[in-house]
Each structure stands twice: as structure tokens, then as C-alpha cells.
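What follows is a set of notes on a single structure, which appears directly below.
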Amino acid sequence: MSKALNILNEIFGYPAFRGQQAEIVSHLTNGGDCLVLMPTGGGKSLCYQIPALLREGVAIIVSPLIALMQNQATALNEIGVRAAVLNSSLSTEEAGLVEQQLLAGDHDLLYVAPERLLTGRFLHLITRIPIALFAIDEAHCVSQWGHDFRPEYSQLSILHERFPTVPRIALTATADTDTRQEIIERLGLDKARVFISSFDRPNIRYHIIDKANSRSQLLAFILAEHRNDSGIVYCLSRKKVEETAAWLVSHGMRALAYHAGMSTQVRSMNQERFLREEGIIMVATIAFGMGIDKPDVRFVAHLDLPRSIESYYQETGRAGRDGQPANAWMVYGLSDVIQQRRMIEESEAHIKFKQVAARKLEAMLSLCETTTCRRAHIMNYFGETTEMAACGNCDVCLNPPQVWDATLEVQKALSCVYRTSQNFGAGHLIDILRGNLTERVKKWHHDKISTFGIGKDLSEKTWRAIFRQMIALGFLTTANDNYGALQLADACRPVLKGKQTVVLRQLTKSAHSSEKEKAHDMLPSSAAERYLWERLRTWRARTAQEHGVPAYVIFHDATLRELVRLCPQTEDELRQITGIGTRKLDKYGNHLIEILRGS
Ligand code: ADP
Ligand code: ZN
């Protein structure tokens, strides 16, 4: 094990293993199979990279993400580790060269796409060389129920049949027990040791706020907390993606768009720029993200509601992979609830799928409406029992929402739905409650019913929030065939009968109204430190460009931040900095010392 630690210190430049890494490395190095469930950013790669260096032969890493493979190999080459990729992005000649190198024992790690691995030619090739291990990354791709299903993955059990003595490690960031079971069955890992880490991402701060004017809210958020930071903004539709990107650009932001309707060329150009340049905001549909291994994404913003907590967690999980503070920020309103409900109802899917989708949406809504810690709520949903009642790093903890007894108002609203025969949407119902004599109200004689004007005392905004929560709580549903009409659901009976009180959230005033909830400290505070930070960033950007790699491949933000904080002046001091191993010290040490000494 001291050898493993030595590699961690010298080659990767990290002082210590994180969480279960040490145990996993030792188990795999000793020839054991394992299944590793660890959240995004938890440090899965080291779990097979270090055994790959400790065991004889080449480690074969199966990954479905072509763009990511190349980045991983480049990052390894940067620290002096011999790694290569084999996938469809290579020409026949290039692939042939990698194969020759393999036979000559020139590589310690080989990243390969599953379809390539499964060819007779490749399987034969690797019988001729010693193999250190097989790593199956993104192992949830074997799950037929998941949205990342890859048919080739279900054939990967062949590895164990053909190479029974080579240890295997399967890795995923998907937490649920069904998927876990499916991975074990389909990959034949029933004897494997299972390592489950906590799925908490303590560096991510969650905010879910009432939607008013989402674009301006977004801009205010970015200006307040993320000037010059990389971030992702998710929208539901292509049109909204384009409009939002254009709008941000017109306000001086460096924003790009990404959705499946754009040409492949433009899409990959934008993705490439997002990865390589600093401070780009990617406005995208959920088509963007899988395989984006950018460690320094500082925020993920949602302008529309994700369809489940799983999606929300996966998407927000793209922030802060480097462990540094990051924000997950979302605006959410009545229209989101109605839109998502309608999408489920109108989908062609089988009734069973619709029921699952409806359940998942309800869970997502309950996360939005919760009056207790968001993080605890999420962990609970994933079946993790937490001691933590309040994390201190989400909007609810930092700025506890006010709640109020809304029983009477909810009764009024429900009765208004009933008296209009469950045929109308929220807008019209609110007009009736507030006593607005609109054309529509007159046309249907709704000024004559008993609920007309009984909710004058509350603003339209408040009523919208009440309706939103009534839908989220399952008192009202949207009708199948009737555009936007709200209907009474069974759950509202006890409320109508006066047997249940209803406590609702009060509208949040603004995103950051509380003193406590000030921006978390992402930048150095003193002028001298900021100057040093900027110099280091400039140097890093230039060096990255010279090497043709993303900036974070040179050094992570975490490393730069530590350099600014500790300001090392000698090689020995530099060696102590996280992320500086032997190779990078040799390559960049002198430049860094020059900058740090201010010469
Ligand atoms: P995952 O694949 O689980 O999403 P990665 O393997 O990409 O995560 O690791 C996430 C980040 O954490 C990377 O920047 C990696 O360099 C860093 N990291 C991993 N293990 C350690 C460690 N023991 N000490 C410091 N940083 C680490
Ligand atoms: Zn919290």
C-alpha cells in the first residue's frame, strides 16, 4: 500500500486518498473484482489508474464517452503516465499504431470504446499481452431502464468469460438500488465487493427560488456570484436555449448555445470552446452534459424544472467536480408544474411508464416545496440516511422559508375549481377569486358564483404560488384532454371537509435576501492575492494553449488557489501543493516560482 501512496504523492501530486479510494485500490491491486458507486467528482478514476500502474500489463478501460477518453489520456500523459485511446475518432493508421504500441508493452492504460473492445480482432489482440485489469466506466449503461442504455454494455460479461483471472472494476455515479442490481447481474459481478460512497456533494450549494422573470433573475445571479466563471444553464426547449443565450450575450456575457437541433459541427465547436476556454456559459437542453468532464464548472442553473430528482441531481452534479464551492440554482413556478404534468399526460408512453414518470415528478416537486434542508431531502430520496438535519449550505438552511396556514385559502381555491366544473386553468380561476371582471369571466357568468371575489385580499402572485403548491401537493391535477384545466384530486377531500390543515411556503422575496447567504468565497480577497491569481490564470491559459489542452489539464483551480494562499517560494514548498507531482514540478516549477516571487 505504501507503493500506492507513493504514486499518489509523486505522480498525481495529491497528499492523501479520499474516502474509500485506498481500500478500492488495494482490493483491485490484489486481484479482487469490485463495483464502485461514487458521486460525480468523488474520484473514481484514481481507483483504477493507480492499480493500473501497480499491476503488470495494460489496464483496459471501457468507456462510452469518446470526448472524455481523450481528455483523460491527455491529462495522464501530462503527468508522465503512458496512456492511449482506441475509438472511432482515430484513423485506421492511428489505430494501427496504438495496436503496435500495445503489443510492444508501451502503455499502462488504454481507453477503449465498447464497440471496439467487442470486435473479434481486439479480443484476440489482447490475448497476446498481459492485462492488468478491466475497468468498466459508466457501468449504469448496462441498465435497460436507464436513459443511458448502451446495448454493447450488456455483452461485456464476455470479459470475465474470456479472461477469468483478470480483475474487473465497474464504476458508476448512479445511485439507485435497481440499477446496482442490474449491473451486478449483467456484468456477472456477484462475487465482487461493492463500495458505496455517500452521494452527498457538500461543496454544491442548492438554491430553488420562485420564478418571476427568470432571465433577469439568472443575470442577477450570475453578476452577483459568477462573473467570469464557467457555468451551464439548462432550458427545456431549443427555442428557449437560443433566446436565452442571445439575451445573455446582449448583456455582455460569454454565452454559447447547445441543443440537438444544431448542426454537429457547431455543436462540437461550442462544446470544445466550453471545455477549453475559461468563463464560458453554456446554455443548453439536457442533450448537453453526458461526458462533460470539466472540473471547474462553477454553477449549474435550471430555468425549467427537471423531470425527476435523478435528473436534477445528475445535471447539478456537473458543477464543482473539483471539490471547490459551486452553486446549483433553479427558478421554478406554476407554469413548470403544469407543463411537466402535461408532458407526461400527453406522452405516448405505456401507462406504466407514465405512472413512474408521475411519481418521479411528484418527488421533484416535493423537493422544490420542502421547508426543510434540500440536501437532507435529496439524500433521503436516494435512500441515504443522514444524521444531518440541516446542511448549512442550501437556501433553506441559510434562509429558512416562512410558512403560513393556508387552509382557508386552499379551501376557497378548491371550491372555485368545483363551482366552475373543473374546466378552467389557473389564470381564469385566479381572476374569479380576485374578482376580476374579465371578458372570459363575463362570458361564463363566473361573476355570479359564490367564489367570485372571495380572494381579493391576496395578490395574483400569491395566488399563483398557492395553486402551484396545491398541484405539487397533489390536491389538483391537470386534465388529460382539456388544455390546462385543473381538476380536483382525491387528496383534496380531507381539506375540503376541514379535516386537514395546509401549511404552505411563503413567497421568497429574492434570491439572496439574507445576510447569511452571501456569495461563498470563490475568489481571493486582497488586491495582492487577486493580482497573483490573475497572473497565474493568464500563465495557465497561455500554457494550455501552447499544449493544445484545456486549462484544467495544466492545473486545477484548487491548485492555483492553494498557490495564491500559501505562496510557495521554493521547489520543496511547491511539492507540498495539491495537484503538483514530480512531472509537473519539473515542467512548470520554474515558471511558477518566477510568478510567485513576483519577478
Ligand atoms: P469522478 O470520475 O468520480 O467524477 P474524478 O476521478 O474525475 O471523479 O475526480 C474528480 C476530481 O477529484 C479530479 O479533479 C481529481 O483529480 C480529484 N481527486 C481525486 N482523488 C483525489 C485525491 N485523493 N486528492 C485530491 N484530489 C483528488
Ligand atoms: Zn441544507
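Just so we're on the same page: first chain in the C-alpha cells is A, next is B, and so on; residues restart at 1 for each chain, and ligands are numbered from 1 in the order they show up.
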
query = Would you name the residues within 6 Å of ligand 2, counting only C-alpha atoms and all ligand atoms, and put them as a ChimeraX atom specification?
reply = /A:373-375,390-394,396-397

query = Residues at most 9 Å from ligand 1, using only C-alpha atoms and all ligand atoms? Could they come as a ChimeraX atom specification?
reply = /A:8,12-19,21-22,37-47,72,137,171-173,293-296,318,320-323,552,556,558,578-579

inquiry  = as a PyMOL selection string, please: every residue in segment 193-387 of chain A that DSSP puts in alpha helix (DSSP H).
reply    = chain A and resi 214-225+238-250+264-276+309-316+334-346+351-369+374-381

Spatial neighbours of segment 545-549 of chain A, max dist 12 Å, only C-alpha atoms, sep filter under 3 positions, as a ChimeraX atom specification = /A:70-78,272-273,275-278,538-542,552-555

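Note that atom CA of Met290 of chain A and atom CA of His226 of chain A are 23.0 Å apart.
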
inquiry  = Taking 5 positions as the minimum chain separation for residues in the same chain, which residues sit within 9 Å of Ile79 of chain A when counting only C-alpha atoms? Answer as JSON, numbers by chain.
reply    = {"A": [11, 12, 74, 581, 582, 583, 584]}

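Each of A:Met262, A:Leu65, A:Leu429, A:Val410 was checked against Leu486 of chain A using only C-alpha atoms; the smallest atom-to-atom distance is that of A:Leu429.
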
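Compared by their closest atoms to Leu408 of chain A, and using only C-alpha atoms, the residues A:Ala426, A:Ala245, A:Leu219, A:Ile454 rank with A:Ile454 nearest.
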
message = So that I can see what lies close to Ser154 of chain A, please list as a VMD selection string the residues with an atom at most 12 Å from it, counting only C-alpha atoms and leaving out residues fewer than 4 positions away in the same chain.
response = chain A and resid 114 to 115 118 136 139 to 144 149 to 150 158 to 159 182 to 188

File of the preceding selection, N, CA and C atoms, as a CSV table (one decimal), in the first residue's frame:
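And here is the file that came out, result-v1.csv:
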chain,number,residue,atom,x,y,z
A,114,PRO,N,-16.7,0.6,-26.2
A,114,PRO,CA,-17.2,-0.8,-26.0
A,114,PRO,C,-17.3,-1.5,-27.4
A,115,GLU,N,-17.8,-0.8,-28.4
A,115,GLU,CA,-18.0,-1.5,-29.7
A,115,GLU,C,-16.6,-1.9,-30.3
A,118,LEU,N,-15.4,-5.1,-28.3
A,118,LEU,CA,-16.1,-6.4,-28.5
A,118,LEU,C,-15.8,-7.0,-29.9
A,136,ILE,N,-14.7,-0.9,-16.1
A,136,ILE,CA,-15.9,-0.6,-16.9
A,136,ILE,C,-16.5,0.7,-16.3
A,139,ALA,N,-20.9,2.3,-15.6
A,139,ALA,CA,-21.4,0.9,-15.7
A,139,ALA,C,-23.0,0.9,-15.8
A,140,HIS,N,-23.6,2.0,-15.4
A,140,HIS,CA,-25.1,2.0,-15.4
A,140,HIS,C,-25.6,2.0,-16.9
A,141,CYS,N,-24.7,2.1,-17.8
A,141,CYS,CA,-25.1,2.0,-19.3
A,141,CYS,C,-25.6,0.6,-19.6
A,142,VAL,N,-25.4,-0.4,-18.7
A,142,VAL,CA,-25.9,-1.7,-19.0
A,142,VAL,C,-27.4,-1.8,-18.7
A,143,SER,N,-27.9,-0.8,-17.9
A,143,SER,CA,-29.3,-0.8,-17.5
A,143,SER,C,-30.3,-0.5,-18.6
A,144,GLN,N,-31.2,-1.4,-18.9
A,144,GLN,CA,-32.1,-1.2,-20.0
A,144,GLN,C,-33.1,-0.1,-19.6
A,149,PHE,N,-28.8,3.8,-21.7
A,149,PHE,CA,-28.6,2.4,-22.1
A,149,PHE,C,-27.8,2.2,-23.4
A,150,ARG,N,-26.7,1.3,-23.3
A,150,ARG,CA,-25.9,1.0,-24.4
A,150,ARG,C,-25.9,-0.5,-24.6
A,158,ILE,N,-18.6,-11.0,-21.4
A,158,ILE,CA,-17.6,-11.8,-22.2
A,158,ILE,C,-16.2,-11.6,-21.6
A,159,LEU,N,-15.9,-10.4,-21.0
A,159,LEU,CA,-14.6,-10.2,-20.5
A,159,LEU,C,-14.2,-11.2,-19.4
A,182,GLU,N,-28.9,-4.5,-11.4
A,182,GLU,CA,-28.8,-4.9,-12.8
A,182,GLU,C,-27.3,-4.9,-13.3
A,183,ILE,N,-26.5,-4.0,-12.8
A,183,ILE,CA,-25.1,-4.0,-13.1
A,183,ILE,C,-24.4,-5.3,-12.7
A,184,ILE,N,-24.7,-5.7,-11.4
A,184,ILE,CA,-24.2,-6.9,-10.9
A,184,ILE,C,-24.6,-8.1,-11.7
A,185,GLU,N,-25.9,-8.2,-12.0
A,185,GLU,CA,-26.3,-9.4,-12.8
A,185,GLU,C,-25.7,-9.4,-14.2
A,186,ARG,N,-25.8,-8.3,-14.9
A,186,ARG,CA,-25.5,-8.3,-16.3
A,186,ARG,C,-24.0,-8.4,-16.5
A,187,LEU,N,-23.2,-7.9,-15.6
A,187,LEU,CA,-21.7,-8.0,-15.8
A,187,LEU,C,-21.2,-9.2,-15.0
A,188,GLY,N,-22.0,-10.0,-14.4
A,188,GLY,CA,-21.5,-11.2,-13.7
A,188,GLY,C,-20.6,-10.8,-12.5

key: Surrounding residues of Tyr258 of chain A excluding itself and chain neighbours under 5 positions, 8 Å, only C-alpha atoms, as a list in words   = Val241, Arg267, Asn270, Gln271, Met282, Val283, Ala284, Thr285, Ala287 and Phe288 of chain A

Selection to disk with C-alpha atoms, as a compact mmCIF listing (two decimals), in the first residue's frame:
# COMPACT_ATOMS: atom_id res chain seq x y z
CA VAL A 241 -31.92 27.84 -25.34
CA ARG A 267 -22.38 21.77 -31.51
CA ASN A 270 -19.29 25.12 -28.90
CA GLN A 271 -18.60 22.15 -26.66
CA MET A 282 -23.23 27.08 -21.97
CA VAL A 283 -26.98 27.45 -22.44
CA ALA A 284 -28.28 24.02 -23.33
CA THR A 285 -31.00 21.43 -23.37
CA ALA A 287 -28.73 16.91 -24.65
CA PHE A 288 -25.62 18.57 -23.23

query = Could you work out how far atom CA of Leu507 of chain A lies from atom CA of Asp210 of chain A, giving the answer in Å with one decimal?
reply = 6.9 Å

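For the residues A:Gln469, A:Gln411, A:Thr165, A:Thr478, ranking by smallest atom-to-atom distance to Leu496 of chain A using only C-alpha atoms places A:Gln411 first.
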
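Inside segment 294-339 of chain A, the residues DSSP reads as strand (DSSP E) when given the backbone are Val297, Arg298, Phe299, Val300, Ala301, His302, Ala326, Asn327, Ala328, Trp329, Met330, Val331 and Tyr332 of chain A.
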
inquiry  = Using only C-alpha atoms, can you tell me which of A:Gln576, A:Thr477, A:Ser230, A:Ser263 comes closest to Gln339 of chain A?
reply    = A:Thr477

ask   = Do you know which residues are at most 10 Å from Leu109 of chain A counting only C-alpha atoms, after dropping those on the same chain fewer than 2 positions away, and could you put them as a PyMOL selection string?
value = chain A and resi 48-49+52-53+57-61+73+76+81-85+102+106-107+111-112+131-134

request  = Can you work out the spacing between atom CA of Asn228 of chain A and atom CA of Ala255 of chain A in Å, to one decimal?
outcome  = 10.8 Å

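Using only C-alpha atoms, the nearest neighbour of Asp572 of chain A within the list A:Pro202, A:Gly435, A:Pro400, A:Gly589 is A:Gly589.
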